[in-house]
Amino acid sequence: MAVRRALILTGTGMLASVTATLVAEGWRVVAPCRRYAPLPAYGVPQPRAERGQLLWVPADWEQPADLVKRVHGALGGPADLLVAWVSRRHRVDVLSSVAGLLAAGAPVVDVVDGDGLHGGWPVLDAHPTQQVVLGEVAENDRRWPTHEEIVVGVLAAVRRAVAGGPPTMHYVGERQTV
């Protein structure tokens, strides 16, 4: 079976469960971040080595060219999936910089807060994008989603992306009516 490669930007924090799920499913996941953070530090069991592989590389969103150099070697080939939750300030620069690391037509899952969808959609228009919008609800009915809701929402978008579903927006954090 061919190696499936995923690049997860911010994959050791709030998206640690997404990272662990992909590794458990056999993906080679590269997770760049500022500080090394093994998944057990976030309450997520370390994936079994015989399944996928998780590689951490040091990264700083302020230096996207350096990020690309570090990630390139760790991926071992073009990424088949990009999952990104990058701050508003760095989102466009970082996503534009890593575009060359993606396989042609590789899907993107772009996680953003609903406060103005910071920076537009999509950044990587050559790649089908599932955008996960956090907290996008009516002005008087807004709340930040729980960690579990974020993970469920991002994984749903990943599943749709990998299955080749058309680009769409996934809203996470809407109040439920009783």
# chains A, B, ... in the order shown; residues from 1 in each chain; ligands from 1
>>> residues_around(residues="Pro167 (chain A)", least_positions_apart="2", cutoff="8 Å", atoms="only C-alpha atoms", output="ChimeraX atom specification")
/A:128-131,161,165,169
>>> select_by_dssp(residues="region 7-170 of chain A", states="helix (DSSP H, G or I)", output="PyMOL selection string")
chain A and resi 16-24+39-42+64-75+91-101+147-162
>>> write_last_selection(atoms="N, CA and C atoms", output="compact mmCIF listing (two decimals), in the first residue's frame")
# COMPACT_ATOMS: atom_id res chain seq x y z
N ALA A 16 -4.31 17.58 18.28
CA ALA A 16 -3.55 16.36 18.60
C ALA A 16 -4.37 15.10 18.36
N SER A 17 -5.65 15.13 18.66
CA SER A 17 -6.50 13.94 18.43
C SER A 17 -6.68 13.66 16.95
N VAL A 18 -6.73 14.71 16.14
CA VAL A 18 -6.81 14.54 14.68
C VAL A 18 -5.50 13.90 14.19
N THR A 19 -4.38 14.40 14.68
CA THR A 19 -3.08 13.84 14.32
C THR A 19 -3.01 12.37 14.70
N ALA A 20 -3.38 12.04 15.93
CA ALA A 20 -3.32 10.65 16.40
C ALA A 20 -4.23 9.74 15.58
N THR A 21 -5.40 10.24 15.19
CA THR A 21 -6.32 9.44 14.38
C THR A 21 -5.71 9.12 13.03
N LEU A 22 -5.13 10.11 12.37
CA LEU A 22 -4.52 9.86 11.06
C LEU A 22 -3.35 8.89 11.16
N VAL A 23 -2.53 9.04 12.19
CA VAL A 23 -1.40 8.12 12.38
C VAL A 23 -1.92 6.71 12.61
N ALA A 24 -2.95 6.57 13.43
CA ALA A 24 -3.53 5.25 13.71
C ALA A 24 -4.11 4.62 12.45
N LEU A 39 2.35 13.52 21.72
CA LEU A 39 0.90 13.45 21.89
C LEU A 39 0.45 13.08 23.30
N PRO A 40 1.15 12.18 24.03
CA PRO A 40 0.68 11.88 25.39
C PRO A 40 0.61 13.10 26.31
N ALA A 41 1.39 14.14 26.01
CA ALA A 41 1.35 15.35 26.83
C ALA A 41 -0.03 16.02 26.77
N TYR A 42 -0.80 15.72 25.75
CA TYR A 42 -2.13 16.29 25.59
C TYR A 42 -3.22 15.27 25.91
N PRO A 64 8.29 31.29 7.20
CA PRO A 64 7.69 30.25 6.37
C PRO A 64 8.67 29.54 5.43
N ALA A 65 9.69 30.23 4.94
CA ALA A 65 10.66 29.58 4.05
C ALA A 65 11.44 28.50 4.81
N ASP A 66 11.81 28.79 6.06
CA ASP A 66 12.49 27.81 6.89
C ASP A 66 11.55 26.64 7.21
N LEU A 67 10.29 26.93 7.46
CA LEU A 67 9.29 25.90 7.70
C LEU A 67 9.25 24.93 6.52
N VAL A 68 9.20 25.45 5.32
CA VAL A 68 9.13 24.62 4.12
C VAL A 68 10.36 23.71 4.01
N LYS A 69 11.54 24.25 4.25
CA LYS A 69 12.77 23.44 4.19
C LYS A 69 12.72 22.29 5.18
N ARG A 70 12.32 22.56 6.40
CA ARG A 70 12.28 21.53 7.44
C ARG A 70 11.23 20.45 7.13
N VAL A 71 10.06 20.87 6.69
CA VAL A 71 8.97 19.94 6.43
C VAL A 71 9.27 19.09 5.20
N HIS A 72 9.88 19.67 4.19
CA HIS A 72 10.15 18.96 2.94
C HIS A 72 10.88 17.64 3.19
N GLY A 73 11.96 17.70 3.96
CA GLY A 73 12.72 16.48 4.24
C GLY A 73 11.94 15.47 5.06
N ALA A 74 11.14 15.93 6.01
CA ALA A 74 10.39 15.03 6.88
C ALA A 74 9.26 14.32 6.14
N LEU A 75 8.63 15.01 5.18
CA LEU A 75 7.52 14.39 4.45
C LEU A 75 7.96 13.19 3.62
N ARG A 91 -1.56 33.19 8.52
CA ARG A 91 -2.28 32.20 7.71
C ARG A 91 -1.94 32.26 6.23
N VAL A 92 -2.09 33.38 5.60
CA VAL A 92 -1.88 33.47 4.15
C VAL A 92 -0.43 33.18 3.79
N ASP A 93 0.53 33.76 4.51
CA ASP A 93 1.95 33.52 4.22
C ASP A 93 2.33 32.06 4.39
N VAL A 94 1.90 31.45 5.49
CA VAL A 94 2.26 30.06 5.76
C VAL A 94 1.61 29.12 4.75
N LEU A 95 0.31 29.27 4.53
CA LEU A 95 -0.36 28.38 3.58
C LEU A 95 0.19 28.54 2.17
N SER A 96 0.45 29.76 1.76
CA SER A 96 1.04 29.98 0.43
C SER A 96 2.41 29.34 0.32
N SER A 97 3.18 29.40 1.39
CA SER A 97 4.53 28.84 1.39
C SER A 97 4.53 27.32 1.30
N VAL A 98 3.61 26.66 1.97
CA VAL A 98 3.62 25.19 1.97
C VAL A 98 2.92 24.60 0.74
N ALA A 99 2.33 25.42 -0.10
CA ALA A 99 1.63 24.92 -1.28
C ALA A 99 2.50 24.02 -2.14
N GLY A 100 3.77 24.35 -2.28
CA GLY A 100 4.67 23.55 -3.09
C GLY A 100 4.99 22.18 -2.50
N LEU A 101 4.61 21.94 -1.24
CA LEU A 101 4.83 20.64 -0.60
C LEU A 101 3.68 19.67 -0.85
N HIS A 147 -13.49 21.49 22.88
CA HIS A 147 -12.40 20.75 22.24
C HIS A 147 -12.95 19.56 21.46
N GLU A 148 -13.87 18.83 22.07
CA GLU A 148 -14.45 17.66 21.40
C GLU A 148 -15.18 18.07 20.12
N GLU A 149 -15.93 19.15 20.16
CA GLU A 149 -16.64 19.62 18.96
C GLU A 149 -15.66 20.00 17.85
N ILE A 150 -14.56 20.62 18.24
CA ILE A 150 -13.55 20.99 17.24
C ILE A 150 -12.98 19.74 16.59
N VAL A 151 -12.59 18.76 17.40
CA VAL A 151 -12.01 17.52 16.86
C VAL A 151 -13.01 16.82 15.95
N VAL A 152 -14.26 16.68 16.39
CA VAL A 152 -15.28 16.02 15.57
C VAL A 152 -15.47 16.77 14.25
N GLY A 153 -15.54 18.09 14.32
CA GLY A 153 -15.73 18.90 13.12
C GLY A 153 -14.57 18.81 12.15
N VAL A 154 -13.35 18.87 12.67
CA VAL A 154 -12.17 18.78 11.81
C VAL A 154 -12.06 17.39 11.20
N LEU A 155 -12.31 16.34 11.99
CA LEU A 155 -12.25 14.98 11.44
C LEU A 155 -13.32 14.77 10.37
N ALA A 156 -14.50 15.34 10.55
CA ALA A 156 -15.54 15.23 9.52
C ALA A 156 -15.07 15.89 8.22
N ALA A 157 -14.43 17.05 8.35
CA ALA A 157 -13.90 17.74 7.17
C ALA A 157 -12.77 16.94 6.53
N VAL A 158 -11.91 16.32 7.35
CA VAL A 158 -10.84 15.47 6.81
C VAL A 158 -11.43 14.30 6.03
N ARG A 159 -12.43 13.67 6.60
CA ARG A 159 -13.07 12.52 5.92
C ARG A 159 -13.65 12.96 4.57
N ARG A 160 -14.32 14.09 4.56
CA ARG A 160 -14.91 14.59 3.31
C ARG A 160 -13.82 14.93 2.30
N ALA A 161 -12.73 15.53 2.78
CA ALA A 161 -11.63 15.91 1.90
C ALA A 161 -10.97 14.68 1.28
N VAL A 162 -10.67 13.70 2.11
CA VAL A 162 -9.99 12.49 1.63
C VAL A 162 -10.89 11.69 0.68
>>> residues_around(residues="Arg5 (chain A)", least_positions_apart="2", cutoff="6 Å", atoms="only C-alpha atoms", output="number ranges by chain")
A: 27-29, 79-80
>>> write_last_selection(atoms="C-alpha atoms", output="PDB file, in the first residue's frame")
ATOM      1  CA  TRP A  27      -0.753   8.087   7.581  1.00  0.00           C
ATOM      2  CA  ARG A  28       2.776   9.497   7.735  1.00  0.00           C
ATOM      3  CA  VAL A  29       2.054  12.776   9.540  1.00  0.00           C
ATOM      4  CA  ALA A  79       1.700  15.660   1.037  1.00  0.00           C
ATOM      5  CA  ASP A  80      -1.625  14.062   0.126  1.00  0.00           C
TER       6      ASP A  80
END
>>> select_by_dssp(residues="region 145-177 of chain A", states="strand (DSSP E)", output="list in words")
Thr168, Met169, His170, Tyr171 and Val172 of chain A
>>> closest_residue(among="A:Leu134, A:Val57, A:Leu81, A:Leu124", to="Val112 (chain A)", atoms="only C-alpha atoms")
A:Leu134
>>> atom_distance(atom1="CA of Ala163 (chain A)", atom2="CA of Trp61 (chain A)")
29.2 Å
>>> atom_distance(atom1="CA of Gln63 (chain A)", atom2="CA of Leu82 (chain A)")
18.5 Å
>>> residues_around(residues="Val30 (chain A)", least_positions_apart="6", cutoff="7 Å", atoms="only C-alpha atoms", output="number ranges by chain")
A: 6-8, 54-56, 74-75
>>> write_last_selection(atoms="N, CA, C and O atoms", output="compact mmCIF listing (two decimals), in the first residue's frame")
# COMPACT_ATOMS: atom_id res chain seq x y z
N ALA A 6 0.47 13.34 5.33
CA ALA A 6 -0.33 14.49 5.76
C ALA A 6 0.58 15.50 6.45
O ALA A 6 1.47 15.13 7.21
N LEU A 7 0.34 16.74 6.16
CA LEU A 7 1.00 17.85 6.83
C LEU A 7 -0.06 18.50 7.71
O LEU A 7 -1.10 18.93 7.20
N ILE A 8 0.18 18.52 9.03
CA ILE A 8 -0.78 19.13 9.94
C ILE A 8 -0.09 20.28 10.64
O ILE A 8 0.81 20.09 11.45
N LEU A 54 4.47 9.56 13.06
CA LEU A 54 4.35 10.96 13.40
C LEU A 54 5.75 11.55 13.50
O LEU A 54 6.59 11.02 14.22
N LEU A 55 5.99 12.60 12.75
CA LEU A 55 7.28 13.29 12.79
C LEU A 55 7.04 14.74 13.17
O LEU A 55 6.26 15.44 12.55
N TRP A 56 7.73 15.18 14.21
CA TRP A 56 7.68 16.57 14.63
C TRP A 56 8.88 17.29 14.04
O TRP A 56 9.98 16.75 14.00
N ALA A 74 11.14 15.93 6.01
CA ALA A 74 10.39 15.03 6.88
C ALA A 74 9.26 14.32 6.14
O ALA A 74 8.96 13.17 6.42
N LEU A 75 8.63 15.01 5.18
CA LEU A 75 7.52 14.39 4.45
C LEU A 75 7.96 13.19 3.62
O LEU A 75 7.24 12.21 3.52
>>> atom_distance(atom1="CA of Ala59 (chain A)", atom2="CA of Arg35 (chain A)")
8.0 Å
>>> closest_residue(among="A:Pro58, A:Met14, A:Ala126, A:Gly77", to="Ala2 (chain A)", atoms="only C-alpha atoms")
A:Gly77
>>> residues_around(residues="Val111 (chain A)", least_positions_apart="3", cutoff="7 Å", atoms="only C-alpha atoms", output="list in words")
Ala84, Trp85, Gln131, Val132 and Val133 of chain A
